[in-house]
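What follows is the content of entry.cif, which has mmCIF, C-alpha atoms:
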```
data_input
#
loop_
_atom_site.label_atom_id
_atom_site.label_comp_id
_atom_site.auth_asym_id
_atom_site.auth_seq_id
_atom_site.Cartn_x
_atom_site.Cartn_y
_atom_site.Cartn_z
CA MET R 137 4.18 -18.44 -2.63
CA LYS R 138 2.06 -16.64 -5.19
CA ARG R 139 2.54 -15.59 -8.78
CA HIS R 140 0.85 -12.42 -10.06
CA LEU R 141 1.46 -10.33 -13.20
CA ASN R 142 4.42 -12.60 -14.17
CA THR R 143 6.06 -11.93 -10.81
CA LEU R 144 6.88 -14.71 -8.37
CA PHE R 145 6.43 -13.73 -4.70
CA VAL R 146 8.13 -16.05 -2.20
CA THR R 147 7.19 -15.66 1.48
CA LEU R 148 8.03 -19.13 2.82
CA GLU R 149 10.83 -18.85 5.40
CA GLY R 150 13.62 -21.32 4.76
CA ALA R 151 12.86 -21.55 1.03
CA TRP R 152 15.73 -21.98 -1.43
CA LEU R 153 15.43 -20.92 -5.06
CA SER R 154 17.66 -22.46 -7.71
CA LYS R 155 17.87 -22.98 -11.46
CA ASP R 156 16.56 -26.29 -12.76
CA GLY R 157 17.07 -26.39 -16.50
CA GLU R 158 15.18 -23.38 -17.82
CA ALA R 159 12.94 -23.10 -14.75
CA VAL R 160 12.99 -21.68 -11.23
CA ASP R 161 12.75 -24.40 -8.60
CA VAL R 162 11.51 -23.37 -5.15
CA ARG R 163 12.44 -25.87 -2.45
CA HIS R 164 11.72 -26.08 1.25
CA GLU R 165 13.36 -28.70 3.45
CA LYS R 166 14.73 -30.36 0.28
CA VAL R 167 11.21 -30.78 -1.15
CA SER R 168 10.25 -28.99 -4.37
CA LYS R 169 7.23 -26.75 -3.69
CA LEU R 170 6.96 -24.92 -7.01
CA ARG R 171 8.55 -24.93 -10.44
CA VAL R 172 8.07 -21.99 -12.81
CA PRO R 173 9.57 -21.59 -16.31
CA LEU R 174 11.97 -18.64 -16.27
CA HIS R 175 10.60 -17.25 -19.53
CA ASN R 176 7.18 -16.81 -17.85
CA LEU R 177 8.59 -14.36 -15.30
CA ASP R 178 9.63 -10.73 -15.33
CA GLY R 179 10.35 -10.50 -11.61
CA ILE R 180 11.00 -12.47 -8.41
CA VAL R 181 10.33 -10.91 -5.00
CA THR R 182 11.32 -12.60 -1.73
CA LEU R 183 9.75 -11.43 1.52
CA GLY R 184 11.52 -13.07 4.46
CA TRP R 185 14.68 -13.25 6.55
CA ASP R 186 15.70 -16.77 5.53
CA ILE R 187 14.99 -17.11 1.82
CA GLY R 188 17.99 -17.92 -0.31
CA MET R 189 18.87 -18.07 -4.00
CA SER R 190 21.65 -19.81 -5.87
CA PRO R 191 24.23 -17.76 -7.81
CA GLY R 192 23.32 -19.77 -10.89
CA LEU R 193 19.71 -18.63 -10.73
CA MET R 194 20.68 -15.00 -10.16
CA GLN R 195 22.96 -15.18 -13.21
CA ALA R 196 20.17 -16.71 -15.29
CA CYS R 197 17.69 -14.05 -14.11
CA ALA R 198 20.14 -11.27 -15.00
CA GLY R 199 20.57 -12.71 -18.48
CA ALA R 200 16.82 -13.12 -18.99
CA GLY R 201 15.95 -9.64 -17.75
CA VAL R 202 14.17 -10.94 -14.64
CA THR R 203 14.58 -8.52 -11.71
CA VAL R 204 15.18 -10.15 -8.32
CA SER R 205 14.16 -8.09 -5.27
CA PHE R 206 14.89 -9.02 -1.66
CA CYS R 207 12.57 -7.65 1.05
CA ASN R 208 12.24 -8.42 4.74
CA PRO R 209 9.04 -10.08 6.05
CA TYR R 210 7.49 -6.64 6.63
CA GLY R 211 7.89 -5.64 2.99
CA LYS R 212 10.93 -3.38 3.43
CA PHE R 213 13.06 -3.32 0.30
CA LEU R 214 16.60 -4.51 1.07
CA ALA R 215 18.37 -5.07 -2.25
CA ALA R 216 17.88 -6.04 -5.88
CA ALA R 217 19.79 -8.10 -8.41
CA VAL R 218 19.46 -6.89 -12.00
CA GLY R 219 21.46 -7.44 -15.15
CA PHE R 220 22.45 -5.00 -17.90
CA SER R 221 18.89 -4.16 -18.84
CA PRO R 222 17.56 -0.74 -19.88
CA GLY R 223 14.09 -1.62 -18.59
CA ASN R 224 14.20 0.31 -15.33
CA VAL R 225 15.86 3.31 -16.97
CA ILE R 226 13.16 3.48 -19.64
CA LEU R 227 10.42 3.04 -17.04
CA ARG R 228 11.80 5.79 -14.82
CA ARG R 229 12.32 8.14 -17.75
CA GLN R 230 8.66 7.73 -18.63
CA GLN R 231 7.72 8.28 -14.98
CA TYR R 232 9.64 11.55 -14.99
CA ARG R 233 8.01 12.64 -18.26
CA VAL R 234 4.54 12.04 -16.84
CA ALA R 235 5.43 13.81 -13.58
CA ASP R 236 6.62 16.87 -15.54
CA ASP R 237 3.49 16.96 -17.70
CA LYS R 238 0.54 18.05 -15.53
CA GLY R 239 -1.95 16.92 -18.15
CA MET R 240 -0.55 13.38 -18.10
CA ALA R 241 0.06 13.29 -14.34
CA VAL R 242 -3.52 14.22 -13.47
CA LYS R 243 -4.86 11.25 -15.43
CA VAL R 244 -3.11 8.86 -13.02
CA ALA R 245 -3.49 11.00 -9.90
CA ARG R 246 -7.25 11.37 -10.31
CA GLU R 247 -7.71 7.59 -10.41
CA MET R 248 -5.75 7.26 -7.16
CA VAL R 249 -7.72 10.04 -5.46
CA ALA R 250 -11.08 8.73 -6.68
CA ALA R 251 -10.17 5.29 -5.33
CA LYS R 252 -9.10 6.79 -2.01
CA ILE R 253 -12.45 8.56 -1.64
CA ALA R 254 -14.41 5.47 -2.71
CA ASN R 255 -12.52 3.27 -0.25
CA SER R 256 -13.06 5.83 2.53
CA ARG R 257 -16.77 5.73 1.73
CA THR R 258 -16.72 1.93 2.02
CA VAL R 259 -15.19 2.16 5.52
CA LEU R 260 -17.93 4.52 6.69
CA LEU R 261 -20.76 2.51 5.13
CA ARG R 262 -19.46 -0.73 6.64
CA ALA R 263 -19.22 0.91 10.04
CA GLY R 264 -22.73 2.26 9.60
CA ARG R 265 -24.09 -1.22 8.91
CA ASP R 266 -22.11 -2.82 11.72
CA HIS R 267 -23.00 -0.27 14.39
CA GLY R 268 -26.35 1.07 13.20
CA ARG R 269 -25.06 4.55 12.31
CA GLU R 270 -27.68 5.97 9.95
CA GLU R 271 -25.73 9.20 9.42
CA MET R 272 -23.16 7.24 7.41
CA GLU R 273 -25.57 7.10 4.47
CA SER R 274 -25.40 10.89 4.21
CA ALA R 275 -21.59 10.79 4.36
CA GLY R 276 -21.58 8.06 1.73
CA ARG R 277 -23.58 10.18 -0.70
CA ARG R 278 -21.28 13.17 -0.21
CA LEU R 279 -18.17 11.08 -0.75
CA ALA R 280 -19.66 9.40 -3.82
CA CYS R 281 -20.13 12.86 -5.39
CA ARG R 282 -16.56 13.82 -4.52
CA ALA R 283 -15.24 10.59 -6.08
CA GLN R 284 -17.07 11.43 -9.31
CA ASP R 285 -15.64 14.96 -9.22
CA ALA R 286 -12.13 13.54 -8.77
CA ARG R 287 -12.47 11.12 -11.67
CA ALA R 288 -13.57 13.94 -14.00
CA CYS R 289 -10.92 16.41 -12.83
CA THR R 290 -8.34 17.72 -15.31
CA ASP R 291 -6.31 20.02 -13.03
CA LEU R 292 -3.93 18.86 -10.32
CA ASP R 293 -4.55 21.81 -7.99
CA VAL R 294 -8.32 21.35 -8.25
CA LEU R 295 -7.84 17.63 -7.64
CA ARG R 296 -5.90 18.34 -4.46
CA GLY R 297 -8.77 20.55 -3.30
CA ILE R 298 -11.29 17.78 -3.97
CA GLU R 299 -9.13 15.32 -2.05
CA GLY R 300 -8.83 17.70 0.91
CA ASP R 301 -12.56 18.38 1.02
CA ALA R 302 -13.35 14.66 0.89
CA ALA R 303 -10.82 13.99 3.68
CA ASP R 304 -12.50 16.63 5.88
CA THR R 305 -15.88 14.94 5.37
CA TYR R 306 -14.45 11.49 5.99
CA PHE R 307 -12.67 12.36 9.25
CA GLN R 308 -15.71 14.27 10.46
CA TYR R 309 -17.74 11.06 10.33
CA LEU R 310 -14.96 8.65 11.28
CA SER R 311 -15.34 9.59 14.94
CA ALA R 312 -18.83 8.06 14.89
CA CYS R 313 -17.30 4.68 13.99
CA THR R 314 -15.79 4.23 17.46
CA THR R 315 -17.68 2.02 19.93
CA HIS R 316 -15.12 1.50 22.71
CA GLY R 317 -16.79 4.03 25.04
CA ASP R 318 -13.52 5.39 26.42
CA ALA R 319 -13.51 9.21 26.40
CA ALA R 320 -9.69 9.22 26.57
CA LEU R 321 -9.56 7.49 23.18
CA GLN R 322 -12.13 9.67 21.46
CA PHE R 323 -11.33 11.02 18.01
CA ALA R 324 -12.17 14.67 17.42
CA GLY R 325 -10.52 15.23 14.04
CA ARG R 326 -7.23 14.64 12.26
CA SER R 327 -4.10 16.09 13.85
CA ARG R 328 -0.51 15.32 12.92
CA ARG R 329 3.07 16.54 13.27
CA PRO R 330 2.56 15.78 16.10
CA PRO R 331 -0.61 13.73 16.73
CA ARG R 332 -2.52 15.18 19.69
CA ASP R 333 -4.60 12.19 20.79
CA PRO R 334 -4.30 8.37 20.84
CA PHE R 335 -6.40 7.79 17.72
CA ASN R 336 -4.31 10.20 15.67
CA CYS R 337 -1.15 8.68 17.11
CA LEU R 338 -2.31 5.25 15.95
CA LEU R 339 -3.25 6.55 12.51
CA SER R 340 0.13 8.24 12.05
CA PHE R 341 2.00 5.09 13.05
CA LEU R 342 -0.03 2.91 10.67
CA TYR R 343 0.36 5.43 7.86
CA SER R 344 4.13 5.24 8.36
CA LEU R 345 4.03 1.45 8.02
CA LEU R 346 1.89 1.73 4.89
CA ALA R 347 4.20 4.34 3.33
CA HIS R 348 7.14 2.05 4.03
CA ASP R 349 5.44 -0.86 2.26
CA CYS R 350 4.47 1.31 -0.72
CA ARG R 351 8.01 2.61 -1.07
CA SER R 352 9.38 -0.92 -1.02
CA ALA R 353 6.83 -2.05 -3.62
CA LEU R 354 7.82 0.78 -5.96
CA GLU R 355 11.55 0.13 -5.55
CA SER R 356 10.97 -3.56 -6.22
CA THR R 357 9.11 -2.67 -9.41
CA GLY R 358 11.77 -0.29 -10.70
CA LEU R 359 9.86 2.95 -10.17
CA ASP R 360 11.29 6.00 -8.39
CA ALA R 361 9.48 6.27 -5.05
CA ALA R 362 10.46 9.94 -4.73
CA VAL R 363 8.77 11.29 -7.87
CA GLY R 364 5.00 11.43 -7.54
CA PHE R 365 2.14 12.73 -9.67
CA LEU R 366 -0.21 14.02 -6.95
CA HIS R 367 2.41 14.93 -4.34
CA ARG R 368 4.87 17.60 -5.44
CA ASP R 369 8.61 17.00 -5.30
CA ARG R 370 10.12 17.78 -1.92
CA SER R 371 13.54 16.83 -0.64
CA GLY R 372 13.35 13.65 1.42
CA ARG R 373 9.68 12.99 0.64
CA PRO R 374 8.71 9.77 -1.21
CA GLY R 375 6.10 11.42 -3.43
CA MET R 376 5.15 8.36 -5.47
CA ALA R 377 4.91 6.19 -2.34
CA LEU R 378 2.50 8.75 -0.88
CA ASP R 379 0.52 8.69 -4.14
CA LEU R 380 0.26 4.91 -4.11
CA MET R 381 -0.74 4.66 -0.47
CA GLU R 382 -3.78 6.92 -0.96
CA GLU R 383 -5.78 3.96 -2.22
CA PHE R 384 -5.00 1.93 0.92
CA ARG R 385 -5.19 4.43 3.80
CA ALA R 386 -8.82 3.73 4.68
CA MET R 387 -9.03 -0.03 4.12
CA LEU R 388 -5.67 -0.90 5.70
CA ALA R 389 -4.70 1.74 8.26
CA ASP R 390 -7.98 3.37 9.32
CA ARG R 391 -9.93 0.12 9.46
CA LEU R 392 -7.21 -1.54 11.54
CA ALA R 393 -7.04 1.42 13.94
CA LEU R 394 -10.79 1.22 14.51
CA SER R 395 -10.61 -2.54 15.09
CA LEU R 396 -7.78 -2.29 17.62
CA LEU R 397 -9.63 0.31 19.68
CA ASN R 398 -13.18 -0.98 19.32
CA ARG R 399 -12.12 -4.50 20.25
CA LYS R 400 -10.23 -3.01 23.20
CA GLN R 401 -6.92 -4.50 22.15
CA LEU R 402 -5.44 -1.09 22.96
CA HIS R 403 -6.30 1.11 25.94
CA ALA R 404 -5.55 4.64 27.10
CA ARG R 405 -2.64 3.32 29.18
CA ASP R 406 -0.94 2.16 25.96
CA PHE R 407 -0.28 5.80 25.01
CA GLU R 408 1.82 8.51 26.61
CA THR R 409 1.58 12.29 26.25
CA GLN R 410 4.80 14.27 26.11
CA GLU R 411 5.32 17.80 27.41
CA THR R 412 4.93 19.14 23.86
CA GLY R 413 1.45 17.64 23.64
CA ALA R 414 2.52 14.90 21.25
CA VAL R 415 1.00 11.48 21.93
CA LEU R 416 3.15 8.37 21.41
CA LEU R 417 2.61 4.63 21.55
CA ARG R 418 4.35 2.81 24.35
CA ASP R 419 6.77 0.04 23.37
CA THR R 420 4.48 -2.87 24.25
CA ALA R 421 1.60 -1.28 22.34
CA ARG R 422 3.81 -0.67 19.32
CA LYS R 423 4.65 -4.37 19.21
CA ALA R 424 0.95 -5.25 19.43
CA VAL R 425 0.16 -2.93 16.53
CA LEU R 426 2.97 -4.39 14.43
CA THR R 427 1.66 -7.90 15.10
CA ALA R 428 -1.87 -6.88 14.11
CA TRP R 429 -0.50 -5.17 10.98
CA GLN R 430 1.29 -8.31 9.84
CA GLU R 431 -1.74 -10.48 10.58
CA ARG R 432 -3.90 -8.14 8.51
CA LYS R 433 -1.45 -8.35 5.61
CA GLN R 434 -1.66 -12.14 5.65
CA GLU R 435 -5.43 -12.16 5.12
CA GLU R 436 -6.62 -13.21 1.67
CA ILE R 437 -8.66 -10.99 -0.64
CA MET R 438 -9.92 -11.21 -4.21
CA HIS R 439 -8.17 -8.67 -6.42
CA PRO R 440 -10.91 -6.86 -8.40
CA ILE R 441 -8.74 -6.30 -11.48
CA LEU R 442 -6.83 -9.57 -11.68
CA GLY R 443 -9.71 -11.76 -10.53
CA GLU R 444 -7.28 -13.76 -8.38
CA LYS R 445 -6.98 -14.34 -4.66
CA THR R 446 -4.00 -12.67 -3.05
CA THR R 447 -2.88 -11.59 0.38
CA VAL R 448 -3.58 -8.05 1.57
CA GLY R 449 0.15 -7.47 1.99
CA LEU R 450 0.80 -8.02 -1.72
CA LEU R 451 -1.81 -5.50 -2.87
CA VAL R 452 0.64 -2.59 -2.94
CA HIS R 453 3.12 -4.68 -4.92
CA LEU R 454 0.44 -5.57 -7.47
CA GLN R 455 -0.70 -1.97 -7.81
CA ALA R 456 2.89 -0.82 -8.29
CA ARG R 457 3.24 -3.30 -11.14
CA LEU R 458 -0.06 -2.22 -12.69
CA LEU R 459 1.21 1.37 -12.54
CA ALA R 460 4.44 0.33 -14.23
CA ARG R 461 2.49 -1.46 -16.94
CA HIS R 462 0.45 1.66 -17.58
CA LEU R 463 3.57 3.82 -17.82
CA ARG R 464 5.13 1.37 -20.25
CA GLY R 465 2.02 1.61 -22.44
CA ASP R 466 0.75 -1.92 -21.79
CA LEU R 467 -2.43 -0.54 -20.14
CA ASP R 468 -4.43 2.38 -21.50
CA ALA R 469 -5.18 3.69 -18.00
CA TYR R 470 -4.04 2.99 -14.47
CA PRO R 471 -6.57 0.71 -12.71
CA PRO R 472 -6.70 1.70 -9.00
CA PHE R 473 -7.61 -0.68 -6.21
CA LEU R 474 -11.26 -0.42 -5.16
CA TRP R 475 -12.30 -2.16 -1.96
CA ARG R 476 -15.70 -3.82 -2.04
#
```

Take the structure in the file and give it back as structure tokens.
Amino acid sequence: MKRHLNTLFVTLEGAWLSKDGEAVDVRHEKVSKLRVPLHNLDGIVTLGWDIGMSPGLMQACAGAGVTVSFCNPYGKFLAAAVGFSPGNVILRRQQYRVADDKGMAVKVAREMVAAKIANSRTVLLRAGRDHGREEMESAGRRLACRAQDARACTDLDVLRGIEGDAADTYFQYLSACTTHGDAALQFAGRSRRPPRDPFNCLLSFLYSLLAHDCRSALESTGLDAAVGFLHRDRSGRPGMALDLMEEFRAMLADRLALSLLNRKQLHARDFETQETGAVLLRDTARKAVLTAWQERKQEEIMHPILGEKTTVGLLVHLQARLLARHLRGDLDAYPPFLWR
């Protein structure tokens, strides 16, 4: 159980939340584990299959304007309990205003893109140190320049071009980060819809998991996951979830894909190629990747903005709340997540 940005996150399976006076009491096996005054909270998020809440507490939360969000252990948003509060409506209206104003939208989008490029640079530099790849220093300098360009950009179309150019550079050097020595698993460049090799297949699967988590985080916060600032509106596409996940692609998905292959936890036999040329994960491999994904999300990390320890899995939730605070006017600018 962790509390960040006035939001209580409960991940302990079997926990029961109830109202105790003017406080939230979190119990497990009839033992009180945590007690938080209700007036100190603006949200409660449960992440588990067996986490319950008393009707009395839900009624009290609704009256106090505290949003209760229920997610499964993997971060998928299931449902929310909210009272008659205009908070989410006001927040979403402001989100739509910013999305419709390119000058306002680019101010948020450029921070996300700059963070994505900076975090991609960190992945390459770490791989260079770990595996003695001197060429990563050159890639790092190029990406550092692109991150500066993104942060100074004032046009969304130009920003998208900067992001695409940086992605080309990043994926060009990412292949040098592999050390497994299996030619069948070699990465020759990004391919998708469908992925044409095992590495791209693994990346696409992990990106799907990350997008799912980002969408759930946004829904839990009260933002509209479909309306983004960087990604244009398209029917069925969660534009804001895709915006938010940009900061985490390299550190969460790419880094995990490299680890799974370099540590030989996955092999060529774990993938199958269809007649169309699309490469898919076999069922047993998919389960192994899901397990590794959840283990990665349980690791602890120091949040650079909050100065608090948190789990990796809660990072997207915290960033969604920082974004909401910026849109409400509580923060002058959106502070993206930068991996050190």

Check your understanding: Which residues, written as a VMD selection string, have at least one atom at most 10 Å from Thr305 in chain R, with all atoms listed in the file counted and residues fewer than 6 positions away on the same chain left out?
Key -> chain R and resid 256 to 257 275 to 276 278 to 279 282

Would you give me, as a tab-separated table, each residue of range 245-337 of chain R having an atom within 9 Å of an atom of range 382-389 of chain R, along with its shortest atom pair and that distance in Å to one decimal, using only C-alpha atoms and sorting by chain and residue number?
```
residue	atom	partner	partner_atom	distance
R:Met248	CA	R:Glu383	CA	5.9
R:Val249	CA	R:Glu382	CA	6.7
R:Ala250	CA	R:Glu383	CA	8.4
R:Ala251	CA	R:Glu383	CA	5.5
R:Lys252	CA	R:Glu383	CA	4.4
R:Ile253	CA	R:Glu383	CA	8.1
R:Ala254	CA	R:Glu383	CA	8.8
R:Asn255	CA	R:Ala386	CA	6.2
R:Ser256	CA	R:Ala386	CA	5.2
R:Arg257	CA	R:Ala386	CA	8.7
R:Thr258	CA	R:Met387	CA	8.2
R:Val259	CA	R:Ala386	CA	6.6
```

So that I have them on file, write out the residues from the current selection with C-alpha atoms, as a PDB file, in the frame of the given file.
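Written output follows (again.pdb):
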```
ATOM      1  CA  MET R 248      -5.750   7.260  -7.160  1.00  0.00           C
ATOM      2  CA  VAL R 249      -7.720  10.040  -5.460  1.00  0.00           C
ATOM      3  CA  ALA R 250     -11.080   8.730  -6.680  1.00  0.00           C
ATOM      4  CA  ALA R 251     -10.170   5.290  -5.330  1.00  0.00           C
ATOM      5  CA  LYS R 252      -9.100   6.790  -2.010  1.00  0.00           C
ATOM      6  CA  ILE R 253     -12.450   8.560  -1.640  1.00  0.00           C
ATOM      7  CA  ALA R 254     -14.410   5.470  -2.710  1.00  0.00           C
ATOM      8  CA  ASN R 255     -12.520   3.270  -0.250  1.00  0.00           C
ATOM      9  CA  SER R 256     -13.060   5.830   2.530  1.00  0.00           C
ATOM     10  CA  ARG R 257     -16.770   5.730   1.730  1.00  0.00           C
ATOM     11  CA  THR R 258     -16.720   1.930   2.020  1.00  0.00           C
ATOM     12  CA  VAL R 259     -15.190   2.160   5.520  1.00  0.00           C
TER      13      VAL R 259
END
```

**Study point:** Point (-0.2, 1.0, 22.5) neighbourhood (9 Å, only C-alpha atoms) written as a PyMOL selection string
**Key:** chain R and resi 334+338+401-408+416-425

**Study point:** Spatial sel., origin (12.0, -24.2, -9.5), limit 10 Å, all atoms listed in the file, listed as a ChimeraX atom specification
**Key:** /R:152-163,168-174,193

Could you save the residues just selected, with C-alpha atoms, as a PDB file, keeping the file's coordinate frame?
```
ATOM      1  CA  TRP R 152      15.730 -21.980  -1.430  1.00  0.00           C
ATOM      2  CA  LEU R 153      15.430 -20.920  -5.060  1.00  0.00           C
ATOM      3  CA  SER R 154      17.660 -22.460  -7.710  1.00  0.00           C
ATOM      4  CA  LYS R 155      17.870 -22.980 -11.460  1.00  0.00           C
ATOM      5  CA  ASP R 156      16.560 -26.290 -12.760  1.00  0.00           C
ATOM      6  CA  GLY R 157      17.070 -26.390 -16.500  1.00  0.00           C
ATOM      7  CA  GLU R 158      15.180 -23.380 -17.820  1.00  0.00           C
ATOM      8  CA  ALA R 159      12.940 -23.100 -14.750  1.00  0.00           C
ATOM      9  CA  VAL R 160      12.990 -21.680 -11.230  1.00  0.00           C
ATOM     10  CA  ASP R 161      12.750 -24.400  -8.600  1.00  0.00           C
ATOM     11  CA  VAL R 162      11.510 -23.370  -5.150  1.00  0.00           C
ATOM     12  CA  ARG R 163      12.440 -25.870  -2.450  1.00  0.00           C
ATOM     13  CA  SER R 168      10.250 -28.990  -4.370  1.00  0.00           C
ATOM     14  CA  LYS R 169       7.230 -26.750  -3.690  1.00  0.00           C
ATOM     15  CA  LEU R 170       6.960 -24.920  -7.010  1.00  0.00           C
ATOM     16  CA  ARG R 171       8.550 -24.930 -10.440  1.00  0.00           C
ATOM     17  CA  VAL R 172       8.070 -21.990 -12.810  1.00  0.00           C
ATOM     18  CA  PRO R 173       9.570 -21.590 -16.310  1.00  0.00           C
ATOM     19  CA  LEU R 174      11.970 -18.640 -16.270  1.00  0.00           C
ATOM     20  CA  LEU R 193      19.710 -18.630 -10.730  1.00  0.00           C
TER      21      LEU R 193
END
```

Padding 4 Å on each side, edges along x, y and z: where is the centre of the box around the listed atoms of range 412-420 of chain R, and how long are its edges in Å to one decimal? Output it as lines of an AutoDock Vina configuration file.
```
center_x = 3.9
center_y = 8.1
center_z = 22.8
size_x = 13.8
size_y = 30.0
size_z = 11.1
```

Review point. If you count only C-alpha atoms, which residues fall within 6 Å of range 141-148 of chain R, apart from same-chain ones fewer than 5 positions away, as a ChimeraX atom specification?
Key: /R:177-184

**Study point:** Pick from R:Asp369, R:Gly219, R:Asp390, R:Arg432 nearest to Ser311 in chain R, counting all atoms listed in the file
**Key:**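 Among the listed residues, R:Asp390 lies closest to Ser311 in chain R.
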
Exercise for review: Mind checking which residues fall within 10 Å of Val448 in chain R, counting only C-alpha atoms, ignoring those fewer than 2 positions away in the same chain, and posting them as a list in words?
Suggested key: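 Everything that qualifies: Leu388, Gln430, Glu431, Arg432, Lys433, Gln434, Glu435, Glu436, Ile437, Met438, His439, Lys445, Thr446, Leu450, Leu451, Val452 and His453 of chain R.
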
With C-alpha atoms retained, export the selected residues as a tab-separated table (two decimals), in the coordinates of the input.
```tsv
chain	number	residue	atom	x	y	z
R	388	LEU	CA	-5.67	-0.90	5.70
R	430	GLN	CA	1.29	-8.31	9.84
R	431	GLU	CA	-1.74	-10.48	10.58
R	432	ARG	CA	-3.90	-8.14	8.51
R	433	LYS	CA	-1.45	-8.35	5.61
R	434	GLN	CA	-1.66	-12.14	5.65
R	435	GLU	CA	-5.43	-12.16	5.12
R	436	GLU	CA	-6.62	-13.21	1.67
R	437	ILE	CA	-8.66	-10.99	-0.64
R	438	MET	CA	-9.92	-11.21	-4.21
R	439	HIS	CA	-8.17	-8.67	-6.42
R	445	LYS	CA	-6.98	-14.34	-4.66
R	446	THR	CA	-4.00	-12.67	-3.05
R	450	LEU	CA	0.80	-8.02	-1.72
R	451	LEU	CA	-1.81	-5.50	-2.87
R	452	VAL	CA	0.64	-2.59	-2.94
R	453	HIS	CA	3.12	-4.68	-4.92
```

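The coordinates place CA of Glu165 in chain R at 23.3 Å from CA of Cys197 in chain R.
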
Review point. Of the candidates R:Asp285, R:Asp333, R:Asp301, R:Glu444, which one gets nearest to Glu247 in chain R if we count all atoms listed in the file?
Key: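 The answer is R:Asp285, which sits nearest to Glu247 in chain R.
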
**Study point:** Output check: residues returned by the PyMOL selection byres ((chain R and resi 373) around 12), as a list in words
**Key:**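 With the shown file as input, the PyMOL selection byres ((chain R and resi 373) around 12) matches Ala347, His348, Arg351, Asp360, Ala361, Ala362, Val363, Gly364, His367, Arg368, Asp369, Arg370, Ser371, Gly372, Pro374, Gly375, Met376, Ala377, Leu378 and Asp379 of chain R.
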
**Study point:** Shell of 9 Å around Thr315 in chain R, only C-alpha atoms, local chain residues under 5 positions omitted, as a list in words
**Key:**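 Result of the neighbour search: His267, Leu394, Leu397, Asn398 and Arg399 of chain R.
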
Practice item. Could you list the residues chosen by the PyMOL selection byres ((chain R and resi 325-330) around 7) in this structure as a PyMOL selection string? Key: chain R and resi 307-308+323-324+331-332+336+414

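You will find CA of Ser356 in chain R at 11.0 Å from CA of Ala460 in chain R.
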